[in-house]
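The structure appears right after this line, and notes come after that.
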Amino acid sequence: MEATRLIDMLLEHPGQYISGEELSRRLSISRTAVWKQIAKLREEGYEFESAPRRGYRLIRQPDKLSQTGLLHALQGNRMFGRRLKLLESTPSTQEEVRKLAEEGAPHGTLVLAEEQTAGRGRQGRRWYSPPGKGIWMSLLLRPERQPLSIAPQLTLLAAVAVCRAVRKVGGVDAGIKWPNDILVGGRKLCGIIVESVAEDELIRFAVAGIGIDVNLEAKDIPQELTAIATSLSLESGRRIDRTALIGAVLTEMEQLYELYTQEGFAPVGHLWEALSVTLGREIAVHTPNGVLKGTTTGLDPSGALLLLDQDGKHFTIFSGEVQLGG
């Protein structure tokens with residue numbers, strides 16, 4: 001906690017020295033304890049300049065994710081991410097959160113990893129998750145006595161949160177392809193999967209998995225994905241602070257979730273529609289019952305996609321793979 005507060009103080013005065021005496025007084029710890037916290041932060045990748053009688057100043061934050069940096073980025077949240085587990089490598093953050101949920105972990109628990117070795121996307125696909133280049137995280141949600149039928153709404157909520165955060169931090173014109181792919185220029189930079197565990201048709205908990213290709217270079221993207229995948233760095237033309245983006249995503253998630261619990265899905269649905277690259281488009285959707293083609297007209301109150309085919313028939317699509325342009 002002292003390390004987080006120390007970083008907060010130095011970030012309040014970018015490029016300026018703060019004396020060890022001042023840090024000691026404001027943190028209510030000894031000068032020796034201040035030095036130990038500085039040493040700990042250096043091990044995490046923070047770089048400082050120190051000068052006699054002037055103190056310390058922060059000159060560089062680590063690109064690698066750190067507990068201290070994440071807690072600083074999430075300090076405005078009440079629940080989402082306030083309990084977090086940061087891993088160097090894991091097969092899947094989804095499975096890590098599922099285990100924690102079964103052990104009684106609270107709503108808003110977050111697991112992040114620098115690398116996933118067996119990351120999963122929708123419909124069982126593998127999600128490429130190289131070390132240090134993206135955001136691979138899963139968030140535990142515990143809706144209060146909600147039916148399993150509302151699970152798709154949580155997926156759309158997560159998509160809105162990620163899209164808004166990507167636009168804000170990355171400065172790119174991101175949009176949502178139903179239900180939850182985040183696209184820029186027609187190529188995918190983020191996938192979201194929400195898996196629910198139910199009992200007596202009520203959701204016990206849900207795990208929202210979010211994979212964002214942040215700082216992948218063109219050479220990092222597998223050849224078979226180059227036509228359909230991109231990264232935020234490639235689209236924005238600059239390196240993106242992953243910690244800042246994580247903070248933005250979780251802040252948007254918490255605010256939207258509170259709106260959702262207070263007012264229901266309608267306001268979230270309107271936000272989704274405003275960010276959609278699917279509505280009003282000719283699409284082909286591959287469903288368990290075959291391929292449907294038509295024009296999308298909106299969202300059902302449940303979060304399902306409404307489709308009007310060429311014969312004037314209306315369809316409600318609850319699941320399927322959407323191909324834009326028919």
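In the structure tokens, the first chain shown is A, the next is B, and so on; residue numbers restart at 1 for each chain, and ligands run from 1 in the order shown.
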
Give me the residues near Ala227 of chain A as a PyMOL selection string, where near means some atom within 10 Å (using only C-alpha atoms) and where sequence neighbours in that chain fewer than 3 positions away do not count. chain A and resi 186-188+221-224+230

For Ile59 of chain A, please output as a list in words all residues within 10 Å (counting only C-alpha atoms; exclusion window: fewer than 4 positions along the same chain). Leu10, Leu11, Pro14, Gly15, Gln16, Tyr46, Glu47, Phe48 and Glu49 of chain A

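Near Glu217 of chain A, within a cut-off of 12 Å and counting only C-alpha atoms, sit the residues Pro130, Gly132, Lys133, Gly134, Pro222, Thr226, Ala229, Thr230, Ser231, Leu232, Ser233, Leu234, Glu235, Ser236, Gly237, Arg238, Arg239 and Ile240 of chain A, with same-chain residues fewer than 5 positions away left out.
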
Emit the selected residues as a CSV table (one decimal), in the first residue's frame, including all heavy atoms.
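Written out: out_22.csv:
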chain,number,residue,atom,x,y,z
A,130,PRO,N,0.4,-13.7,-26.7
A,130,PRO,CA,1.8,-13.6,-26.5
A,130,PRO,C,2.2,-12.8,-25.3
A,130,PRO,O,1.5,-11.9,-24.9
A,130,PRO,CB,2.3,-13.0,-27.8
A,130,PRO,CG,1.2,-12.1,-28.3
A,130,PRO,CD,0.0,-12.9,-27.9
A,132,GLY,N,3.5,-10.0,-22.8
A,132,GLY,CA,3.9,-8.6,-22.7
A,132,GLY,C,3.3,-7.7,-23.8
A,132,GLY,O,3.6,-6.5,-23.8
A,133,LYS,N,2.5,-8.3,-24.7
A,133,LYS,CA,2.0,-7.5,-25.8
A,133,LYS,C,0.5,-7.1,-25.7
A,133,LYS,O,0.1,-6.2,-26.5
A,133,LYS,CB,2.3,-8.2,-27.1
A,133,LYS,CG,3.7,-8.5,-27.4
A,133,LYS,CD,4.5,-7.2,-27.8
A,133,LYS,CE,5.9,-7.5,-28.2
A,133,LYS,NZ,6.0,-7.9,-29.6
A,134,GLY,N,-0.2,-7.8,-24.9
A,134,GLY,CA,-1.6,-7.5,-24.9
A,134,GLY,C,-2.2,-7.5,-23.5
A,134,GLY,O,-1.5,-7.5,-22.5
A,222,PRO,N,0.0,-14.0,-36.2
A,222,PRO,CA,0.2,-15.2,-37.0
A,222,PRO,C,-0.3,-14.9,-38.4
A,222,PRO,O,-1.3,-14.2,-38.7
A,222,PRO,CB,-0.7,-16.2,-36.3
A,222,PRO,CG,-0.8,-15.8,-34.9
A,222,PRO,CD,-0.8,-14.3,-34.9
A,226,THR,N,-3.5,-12.4,-40.3
A,226,THR,CA,-3.1,-11.0,-40.7
A,226,THR,C,-4.2,-10.2,-41.5
A,226,THR,O,-4.3,-9.0,-41.4
A,226,THR,CB,-1.9,-11.0,-41.6
A,226,THR,OG1,-2.1,-11.9,-42.7
A,226,THR,CG2,-0.7,-11.5,-40.8
A,229,ALA,N,-7.0,-9.6,-38.3
A,229,ALA,CA,-6.6,-9.2,-36.9
A,229,ALA,C,-5.7,-8.0,-37.0
A,229,ALA,O,-5.0,-7.8,-38.0
A,229,ALA,CB,-5.9,-10.3,-36.2
A,230,THR,N,-5.8,-7.2,-35.9
A,230,THR,CA,-4.9,-6.0,-35.8
A,230,THR,C,-4.6,-5.8,-34.3
A,230,THR,O,-5.0,-6.5,-33.5
A,230,THR,CB,-5.6,-4.8,-36.5
A,230,THR,OG1,-4.6,-3.7,-36.5
A,230,THR,CG2,-6.8,-4.3,-35.7
A,231,SER,N,-3.9,-4.7,-34.1
A,231,SER,CA,-3.6,-4.3,-32.7
A,231,SER,C,-3.9,-2.8,-32.5
A,231,SER,O,-3.9,-2.1,-33.5
A,231,SER,CB,-2.2,-4.7,-32.3
A,231,SER,OG,-1.3,-3.7,-32.8
A,232,LEU,N,-4.0,-2.4,-31.3
A,232,LEU,CA,-4.3,-1.0,-31.0
A,232,LEU,C,-3.1,-0.2,-31.3
A,232,LEU,O,-3.2,1.0,-31.8
A,232,LEU,CB,-4.6,-0.8,-29.5
A,232,LEU,CG,-5.2,0.5,-29.1
A,232,LEU,CD1,-6.3,1.0,-30.0
A,232,LEU,CD2,-5.7,0.4,-27.6
A,233,SER,N,-1.9,-0.7,-31.1
A,233,SER,CA,-0.7,0.0,-31.5
A,233,SER,C,-0.6,0.2,-33.0
A,233,SER,O,-0.2,1.3,-33.5
A,233,SER,CB,0.6,-0.8,-31.0
A,233,SER,OG,1.8,-0.2,-31.4
A,234,LEU,N,-0.9,-0.8,-33.8
A,234,LEU,CA,-0.8,-0.7,-35.2
A,234,LEU,C,-1.8,0.3,-35.7
A,234,LEU,O,-1.6,1.1,-36.7
A,234,LEU,CB,-1.1,-2.1,-35.9
A,234,LEU,CG,0.0,-3.1,-35.8
A,234,LEU,CD1,-0.5,-4.5,-36.3
A,234,LEU,CD2,1.2,-2.7,-36.6
A,235,GLU,N,-3.0,0.4,-35.1
A,235,GLU,CA,-4.0,1.3,-35.6
A,235,GLU,C,-3.8,2.7,-35.2
A,235,GLU,O,-4.2,3.6,-35.9
A,235,GLU,CB,-5.4,0.8,-35.1
A,235,GLU,CG,-5.8,-0.6,-35.7
A,235,GLU,CD,-5.9,-0.6,-37.2
A,235,GLU,OE1,-6.3,0.4,-37.8
A,235,GLU,OE2,-5.6,-1.7,-37.8
A,236,SER,N,-3.2,2.9,-34.0
A,236,SER,CA,-3.0,4.2,-33.5
A,236,SER,C,-1.7,4.8,-33.9
A,236,SER,O,-1.5,6.0,-33.8
A,236,SER,CB,-3.1,4.2,-31.9
A,236,SER,OG,-2.0,3.5,-31.4
A,237,GLY,N,-0.7,4.0,-34.3
A,237,GLY,CA,0.6,4.4,-34.7
A,237,GLY,C,1.5,4.8,-33.5
A,237,GLY,O,2.5,5.4,-33.7
A,238,ARG,N,1.1,4.3,-32.3
A,238,ARG,CA,2.0,4.5,-31.1
A,238,ARG,C,1.8,3.4,-30.1
A,238,ARG,O,0.9,2.6,-30.2
A,238,ARG,CB,1.6,5.9,-30.5
A,238,ARG,CG,0.1,5.9,-30.0
A,238,ARG,CD,-0.3,7.3,-29.5
A,238,ARG,NE,-1.7,7.4,-29.2
A,238,ARG,CZ,-2.2,7.1,-28.0
A,238,ARG,NH1,-1.4,6.6,-27.0
A,238,ARG,NH2,-3.5,7.2,-27.8
A,239,ARG,N,2.8,3.4,-29.2
A,239,ARG,CA,2.7,2.3,-28.2
A,239,ARG,C,1.7,2.8,-27.1
A,239,ARG,O,1.6,3.9,-26.8
A,239,ARG,CB,4.1,2.2,-27.5
A,239,ARG,CG,4.3,0.9,-26.7
A,239,ARG,CD,5.8,0.6,-26.5
A,239,ARG,NE,5.9,-0.6,-25.8
A,239,ARG,CZ,5.9,-1.8,-26.4
A,239,ARG,NH1,5.7,-1.8,-27.7
A,239,ARG,NH2,6.0,-2.9,-25.8
A,240,ILE,N,0.9,1.8,-26.7
A,240,ILE,CA,-0.2,2.1,-25.7
A,240,ILE,C,0.2,1.6,-24.3
A,240,ILE,O,0.8,0.5,-24.2
A,240,ILE,CB,-1.4,1.4,-26.2
A,240,ILE,CG1,-1.8,1.8,-27.6
A,240,ILE,CG2,-2.6,1.6,-25.2
A,240,ILE,CD1,-2.2,3.3,-27.7

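As for atom CA of Gln94 of chain A and atom CA of Phe265 of chain A, they are spaced 24.4 Å apart.
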
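When atom CA of Ser138 of chain A is paired with atom CA of Gln153 of chain A, their separation reads 16.9 Å.
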
All residues 10 Å or closer to Asp8 of chain A, only C-alpha atoms, same chain fewer than 6 positions away omitted, as number ranges by chain: A: 2, 68-69, 72-73

Next, the residues of the selection above should be written as a CSV table (one decimal), in the first residue's frame with C-alpha atoms.
chain,number,residue,atom,x,y,z
A,2,GLU,CA,2.9,2.4,0.8
A,68,THR,CA,1.5,-1.3,-7.8
A,69,GLY,CA,0.7,0.3,-11.2
A,72,HIS,CA,-3.0,3.0,-8.9
A,73,ALA,CA,-4.9,2.7,-12.2

Using only C-alpha atoms, determine which residues lie at most 9 Å from Ala151 of chain A, disregarding the query and same-chain residues fewer than 6 positions distant; provide the list as a list in words. Val194, Glu195, Ser196, Ile203, Ala206 and Ser302 of chain A

Please return as a ChimeraX atom specification: the residues of segment 39-282 of chain A that backbone DSSP assigns to alpha helix (DSSP H). /A:39-43,67-73,93-102,151-170,232-236,242-263,266-275

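Going from atom CA of Gln116 of chain A over to atom CA of Glu96 of chain A, you cover 11.1 Å.
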
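Take the candidates A:Gly191, A:Gly209, A:Pro152, A:Pro301 and check each one against Phe318 of chain A using only C-alpha atoms; the shortest distance goes to A:Pro152.
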
Polymer residues at most 8 Å from Ser276 of chain A, only C-alpha atoms, same-chain spacing of 6 or more positions, as a compact mmCIF listing (two decimals) with all heavy atoms, in the first residue's frame:
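Output file result.txt is given in full below:
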# COMPACT_ATOMS: atom_id res chain seq x y z
N GLY A 175 -15.39 -0.05 -33.17
CA GLY A 175 -16.81 -0.37 -33.17
C GLY A 175 -17.01 -1.82 -32.76
O GLY A 175 -16.06 -2.60 -32.67
N ILE A 176 -18.28 -2.18 -32.50
CA ILE A 176 -18.61 -3.52 -32.01
C ILE A 176 -19.34 -4.31 -33.09
O ILE A 176 -20.35 -3.85 -33.64
CB ILE A 176 -19.51 -3.47 -30.76
CG1 ILE A 176 -18.92 -2.55 -29.69
CG2 ILE A 176 -19.72 -4.87 -30.19
CD1 ILE A 176 -19.87 -2.26 -28.54
N LYS A 177 -18.82 -5.50 -33.40
CA LYS A 177 -19.55 -6.45 -34.25
C LYS A 177 -20.28 -7.41 -33.34
O LYS A 177 -19.67 -8.00 -32.44
CB LYS A 177 -18.58 -7.22 -35.16
CG LYS A 177 -19.29 -8.09 -36.18
CD LYS A 177 -18.32 -8.91 -37.02
CE LYS A 177 -17.94 -10.19 -36.31
NZ LYS A 177 -17.22 -11.14 -37.19
N TRP A 178 -21.58 -7.56 -33.54
CA TRP A 178 -22.38 -8.40 -32.65
C TRP A 178 -21.80 -9.81 -32.55
O TRP A 178 -21.40 -10.40 -33.55
CB TRP A 178 -23.82 -8.48 -33.18
CG TRP A 178 -24.76 -9.20 -32.27
CD1 TRP A 178 -25.46 -8.65 -31.22
CD2 TRP A 178 -25.09 -10.58 -32.29
NE1 TRP A 178 -26.20 -9.62 -30.61
CE2 TRP A 178 -26.00 -10.82 -31.24
CE3 TRP A 178 -24.70 -11.67 -33.08
CZ2 TRP A 178 -26.52 -12.07 -30.96
CZ3 TRP A 178 -25.22 -12.92 -32.81
CH2 TRP A 178 -26.12 -13.11 -31.76

For Ile212 of chain A, which of A:Ser129, A:Val160, A:Met253, A:Thr109 is the closest residue, counting only C-alpha atoms? A:Ser129

DSSP on the backbone: which residues in segment 98-168 of chain A end up as strand (DSSP E)? Give the answer as a VMD selection string. chain A and resid 110 to 113 134 to 141

Tell me which protein, DNA and RNA residues are within 10 Å of Val97 of chain A, counting only C-alpha atoms, leaving out same-chain ones fewer than 3 positions away, and put them as a count of residues only. 21

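Distances from A:Leu256, A:Asn215, A:His270, A:Phe205 to Lys99 of chain A were compared using only C-alpha atoms, and the smallest one belongs to A:Phe205.
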
Using only C-alpha atoms, pick whichever of A:Leu157, A:Ile246, A:Val322, A:Leu148 has the shortest atom-to-atom distance to Gly170 of chain A. A:Ile246
